[in-house]
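input-v6.cif, holding mmCIF, N, CA and C atoms:
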data_model
#
loop_
_atom_site.label_atom_id
_atom_site.label_comp_id
_atom_site.auth_asym_id
_atom_site.auth_seq_id
_atom_site.Cartn_x
_atom_site.Cartn_y
_atom_site.Cartn_z
N MET A 932 9.99 -46.15 -34.64
CA MET A 932 10.55 -45.91 -33.32
C MET A 932 11.26 -44.56 -33.26
N LYS A 933 12.03 -44.25 -34.34
CA LYS A 933 12.73 -42.97 -34.38
C LYS A 933 11.72 -41.81 -34.38
N PHE A 934 10.63 -42.00 -35.12
CA PHE A 934 9.61 -40.95 -35.18
C PHE A 934 8.99 -40.73 -33.81
N LEU A 935 8.73 -41.80 -33.09
CA LEU A 935 8.13 -41.70 -31.75
C LEU A 935 9.08 -40.98 -30.79
N ASN A 936 10.36 -41.32 -30.84
CA ASN A 936 11.35 -40.64 -30.01
C ASN A 936 11.45 -39.16 -30.38
N PHE A 937 11.48 -38.88 -31.67
CA PHE A 937 11.53 -37.48 -32.12
C PHE A 937 10.30 -36.72 -31.65
N PHE A 938 9.14 -37.37 -31.74
CA PHE A 938 7.89 -36.74 -31.31
C PHE A 938 7.93 -36.43 -29.81
N PHE A 939 8.37 -37.39 -29.00
CA PHE A 939 8.43 -37.16 -27.55
C PHE A 939 9.43 -36.06 -27.19
N ILE A 940 10.58 -36.07 -27.81
CA ILE A 940 11.59 -35.04 -27.53
C ILE A 940 11.06 -33.67 -27.93
N THR A 941 10.45 -33.58 -29.08
CA THR A 941 9.88 -32.31 -29.53
C THR A 941 8.75 -31.87 -28.60
N PHE A 942 7.93 -32.80 -28.21
CA PHE A 942 6.83 -32.49 -27.30
C PHE A 942 7.35 -31.97 -25.96
N PHE A 943 8.36 -32.62 -25.39
CA PHE A 943 8.92 -32.18 -24.12
C PHE A 943 9.63 -30.83 -24.25
N ILE A 944 10.26 -30.58 -25.37
CA ILE A 944 10.90 -29.28 -25.59
C ILE A 944 9.85 -28.18 -25.65
N ILE A 945 8.77 -28.44 -26.35
CA ILE A 945 7.68 -27.45 -26.45
C ILE A 945 7.05 -27.21 -25.09
N ILE A 946 6.81 -28.26 -24.33
CA ILE A 946 6.24 -28.11 -22.98
C ILE A 946 7.21 -27.32 -22.10
N ASN A 947 8.49 -27.65 -22.18
CA ASN A 947 9.50 -26.97 -21.37
C ASN A 947 9.55 -25.48 -21.70
N ILE A 948 9.55 -25.13 -22.97
CA ILE A 948 9.59 -23.72 -23.38
C ILE A 948 8.33 -23.00 -22.93
N SER A 949 7.17 -23.63 -23.08
CA SER A 949 5.92 -22.97 -22.68
C SER A 949 5.87 -22.74 -21.16
N VAL A 950 6.37 -23.70 -20.39
CA VAL A 950 6.41 -23.53 -18.94
C VAL A 950 7.36 -22.41 -18.55
N LYS A 951 8.52 -22.35 -19.22
CA LYS A 951 9.48 -21.27 -18.93
C LYS A 951 8.88 -19.91 -19.26
N LEU A 952 8.19 -19.80 -20.40
CA LEU A 952 7.55 -18.54 -20.76
C LEU A 952 6.46 -18.16 -19.76
N LEU A 953 5.71 -19.14 -19.30
CA LEU A 953 4.68 -18.89 -18.30
C LEU A 953 5.30 -18.39 -17.00
N ILE A 954 6.40 -19.00 -16.59
CA ILE A 954 7.08 -18.58 -15.36
C ILE A 954 7.62 -17.16 -15.51
N VAL A 955 8.20 -16.84 -16.65
CA VAL A 955 8.73 -15.49 -16.87
C VAL A 955 7.61 -14.47 -16.83
N ASP A 956 6.47 -14.80 -17.43
CA ASP A 956 5.32 -13.89 -17.42
C ASP A 956 4.81 -13.67 -16.00
N GLN A 957 4.72 -14.73 -15.22
CA GLN A 957 4.25 -14.60 -13.85
C GLN A 957 5.25 -13.83 -12.99
N GLU A 958 6.55 -14.02 -13.23
CA GLU A 958 7.56 -13.26 -12.49
C GLU A 958 7.47 -11.77 -12.81
N ALA A 959 7.18 -11.45 -14.07
CA ALA A 959 7.01 -10.04 -14.45
C ALA A 959 5.80 -9.44 -13.75
N LYS A 960 4.72 -10.21 -13.68
CA LYS A 960 3.52 -9.72 -12.97
C LYS A 960 3.80 -9.52 -11.49
N ILE A 961 4.53 -10.46 -10.88
CA ILE A 961 4.88 -10.34 -9.46
C ILE A 961 5.76 -9.11 -9.24
N LYS A 962 6.68 -8.87 -10.15
CA LYS A 962 7.56 -7.71 -10.04
C LYS A 962 6.74 -6.41 -10.10
N ASN A 963 5.77 -6.36 -11.01
CA ASN A 963 4.91 -5.17 -11.11
C ASN A 963 4.07 -4.99 -9.85
N ILE A 964 3.56 -6.09 -9.31
CA ILE A 964 2.75 -6.00 -8.10
C ILE A 964 3.60 -5.53 -6.92
N ASN A 965 4.83 -6.05 -6.81
CA ASN A 965 5.73 -5.60 -5.73
C ASN A 965 6.07 -4.13 -5.88
N LYS A 966 6.21 -3.66 -7.11
CA LYS A 966 6.48 -2.24 -7.35
C LYS A 966 5.29 -1.40 -6.90
N GLU A 967 4.08 -1.84 -7.23
CA GLU A 967 2.88 -1.12 -6.79
C GLU A 967 2.76 -1.11 -5.27
N ILE A 968 3.08 -2.23 -4.64
CA ILE A 968 3.02 -2.30 -3.18
C ILE A 968 4.01 -1.33 -2.55
N SER A 969 5.22 -1.25 -3.10
CA SER A 969 6.21 -0.33 -2.53
C SER A 969 5.78 1.12 -2.74
N GLU A 970 5.15 1.42 -3.88
CA GLU A 970 4.64 2.78 -4.11
C GLU A 970 3.53 3.12 -3.11
N ILE A 971 2.65 2.17 -2.86
CA ILE A 971 1.56 2.39 -1.90
C ILE A 971 2.13 2.57 -0.50
N ASN A 972 3.12 1.75 -0.14
CA ASN A 972 3.76 1.90 1.18
C ASN A 972 4.42 3.27 1.31
N SER A 973 5.02 3.75 0.23
CA SER A 973 5.64 5.07 0.24
C SER A 973 4.58 6.15 0.46
N LYS A 974 3.45 6.01 -0.22
CA LYS A 974 2.37 6.98 -0.04
C LYS A 974 1.83 6.95 1.39
N ILE A 975 1.72 5.76 1.96
CA ILE A 975 1.23 5.62 3.34
C ILE A 975 2.21 6.30 4.29
N GLU A 976 3.51 6.10 4.09
CA GLU A 976 4.51 6.75 4.95
C GLU A 976 4.40 8.26 4.86
N LYS A 977 4.20 8.78 3.65
CA LYS A 977 4.05 10.23 3.48
C LYS A 977 2.81 10.74 4.21
N LYS A 978 1.71 10.00 4.10
CA LYS A 978 0.48 10.41 4.79
C LYS A 978 0.66 10.37 6.30
N LEU A 979 1.33 9.34 6.80
CA LEU A 979 1.57 9.26 8.25
C LEU A 979 2.45 10.42 8.72
N THR A 980 3.43 10.77 7.91
CA THR A 980 4.28 11.91 8.25
C THR A 980 3.47 13.20 8.26
N ASP A 981 2.61 13.36 7.26
CA ASP A 981 1.76 14.55 7.21
C ASP A 981 0.82 14.61 8.41
N ILE A 982 0.27 13.46 8.80
CA ILE A 982 -0.64 13.43 9.94
C ILE A 982 0.11 13.79 11.22
N SER A 983 1.31 13.23 11.38
CA SER A 983 2.05 13.52 12.61
C SER A 983 2.46 14.99 12.66
N TYR A 984 2.76 15.57 11.49
CA TYR A 984 3.08 17.00 11.46
C TYR A 984 1.83 17.84 11.74
N SER A 985 0.71 17.43 11.16
CA SER A 985 -0.53 18.22 11.29
C SER A 985 -1.10 18.18 12.70
N THR A 986 -0.80 17.17 13.47
CA THR A 986 -1.37 17.07 14.80
C THR A 986 -0.44 17.62 15.89
N ARG A 987 0.60 18.32 15.50
CA ARG A 987 1.45 18.99 16.49
C ARG A 987 0.63 20.09 17.16
N PRO A 988 0.83 20.33 18.42
CA PRO A 988 0.01 21.32 19.14
C PRO A 988 0.07 22.73 18.52
N GLN A 989 1.24 23.13 18.04
CA GLN A 989 1.36 24.46 17.44
C GLN A 989 0.52 24.57 16.17
N ILE A 990 0.54 23.52 15.37
CA ILE A 990 -0.22 23.54 14.13
C ILE A 990 -1.72 23.50 14.43
N LEU A 991 -2.13 22.69 15.40
CA LEU A 991 -3.54 22.64 15.77
C LEU A 991 -4.02 23.98 16.30
N LYS A 992 -3.18 24.65 17.07
CA LYS A 992 -3.54 25.97 17.59
C LYS A 992 -3.69 26.97 16.45
N GLN A 993 -2.80 26.89 15.49
CA GLN A 993 -2.86 27.78 14.33
C GLN A 993 -4.11 27.50 13.49
N ILE A 994 -4.44 26.24 13.30
CA ILE A 994 -5.65 25.89 12.55
C ILE A 994 -6.89 26.40 13.28
N ASN A 995 -6.91 26.25 14.60
CA ASN A 995 -8.05 26.74 15.38
C ASN A 995 -8.19 28.25 15.24
N GLN A 996 -7.09 28.96 15.30
CA GLN A 996 -7.15 30.42 15.19
C GLN A 996 -7.60 30.87 13.80
N ASN A 997 -7.15 30.18 12.79
CA ASN A 997 -7.47 30.58 11.41
C ASN A 997 -8.87 30.16 10.98
N LYS A 998 -9.32 29.00 11.40
CA LYS A 998 -10.56 28.45 10.86
C LYS A 998 -11.74 28.52 11.83
N PHE A 999 -11.53 28.05 13.06
CA PHE A 999 -12.66 27.82 13.95
C PHE A 999 -12.84 28.89 15.03
N LYS A 1000 -11.76 29.41 15.54
CA LYS A 1000 -11.78 30.41 16.62
C LYS A 1000 -12.49 29.88 17.87
N PHE A 1001 -12.24 28.62 18.22
CA PHE A 1001 -12.76 28.05 19.45
C PHE A 1001 -11.96 28.56 20.64
N LEU A 1002 -12.63 28.63 21.77
CA LEU A 1002 -11.96 29.01 23.00
C LEU A 1002 -11.86 27.78 23.90
N PRO A 1003 -10.83 27.71 24.71
CA PRO A 1003 -10.72 26.55 25.59
C PRO A 1003 -11.78 26.58 26.69
N ILE A 1004 -12.14 25.43 27.17
CA ILE A 1004 -13.10 25.32 28.27
C ILE A 1004 -12.33 25.49 29.57
N LEU A 1005 -12.71 26.50 30.31
CA LEU A 1005 -12.03 26.77 31.57
C LEU A 1005 -12.66 25.96 32.69
N GLN A 1006 -11.91 25.78 33.74
CA GLN A 1006 -12.40 25.01 34.89
C GLN A 1006 -13.61 25.69 35.51
N SER A 1007 -13.63 27.00 35.49
CA SER A 1007 -14.76 27.73 36.09
C SER A 1007 -16.03 27.60 35.25
N ASP A 1008 -15.91 27.23 33.98
CA ASP A 1008 -17.07 27.09 33.11
C ASP A 1008 -17.77 25.74 33.26
N LEU A 1009 -17.14 24.81 33.92
CA LEU A 1009 -17.72 23.48 34.08
C LEU A 1009 -18.87 23.54 35.09
N ILE A 1010 -19.93 22.82 34.78
CA ILE A 1010 -21.10 22.76 35.67
C ILE A 1010 -20.90 21.55 36.59
N LYS A 1011 -21.01 21.80 37.85
CA LYS A 1011 -20.83 20.72 38.82
C LYS A 1011 -22.18 20.11 39.11
N PRO A 1012 -22.29 18.79 38.99
CA PRO A 1012 -23.57 18.15 39.28
C PRO A 1012 -23.89 18.22 40.77
N LYS A 1013 -25.17 18.44 41.07
CA LYS A 1013 -25.60 18.52 42.46
C LYS A 1013 -25.84 17.12 42.99
N ALA A 1014 -25.40 16.89 44.20
CA ALA A 1014 -25.62 15.59 44.84
C ALA A 1014 -27.03 15.61 45.45
N ASP A 1015 -27.82 14.60 45.16
CA ASP A 1015 -29.19 14.54 45.71
C ASP A 1015 -29.26 13.88 47.04
#
Could the structure of this file be written out as structure tokens, please?
Amino acid sequence: MKFLNFFFITFFIIINISVKLLIVDQEAKIKNINKEISEINSKIEKKLTDISYSTRPQILKQINQNKFKFLPILQSDLIKPKAD
């Protein structure tokens, strides 16, 4: 009887320790995943800031002058469709 009680107590202690170690391992993985998510969110915020800065009218005008040299379409250049 004493051996059976000792066996059950030892068995439950081993199960308890293994479950605790499993939980600690999973918490560490969750912590790493949350860290990666926050880093990705930070990168997204930086990209959104860059996009909002890049689409300012002054910057777009400067990019057009430096790279493309497009001219605006004037009202007089538009072709008016003829009514049949």
Using all atoms of segment 992-1007 of chain A that appear in the file, construct an axis-aligned enclosing box with 4 Å of padding on every side and provide its centre coordinates and edge lengths in Å, rounded to one decimal, as lines of an AutoDock Vina configuration file.
center_x = -9.4
center_y = 27.8
center_z = 23.5
size_x = 21.2
size_y = 14.2
size_z = 33.2
As a PyMOL selection string, please: every residue in chain A that DSSP puts in alpha helix (DSSP H). chain A and resi 933-985+988-994
Quick one: distance from atom N of Tyr984 of chain A to atom N of Gln996 of chain A in Å, one decimal? 17.1 Å
Provide the atom CA of Arg987 of chain A to atom CA of Gln1006 of chain A distance in Å, to one decimal place. 23.8 Å
Provide the atom N of Lys998 of chain A to atom CA of Ser985 of chain A distance in Å, to one decimal place.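 It comes out at 13.9 Å.
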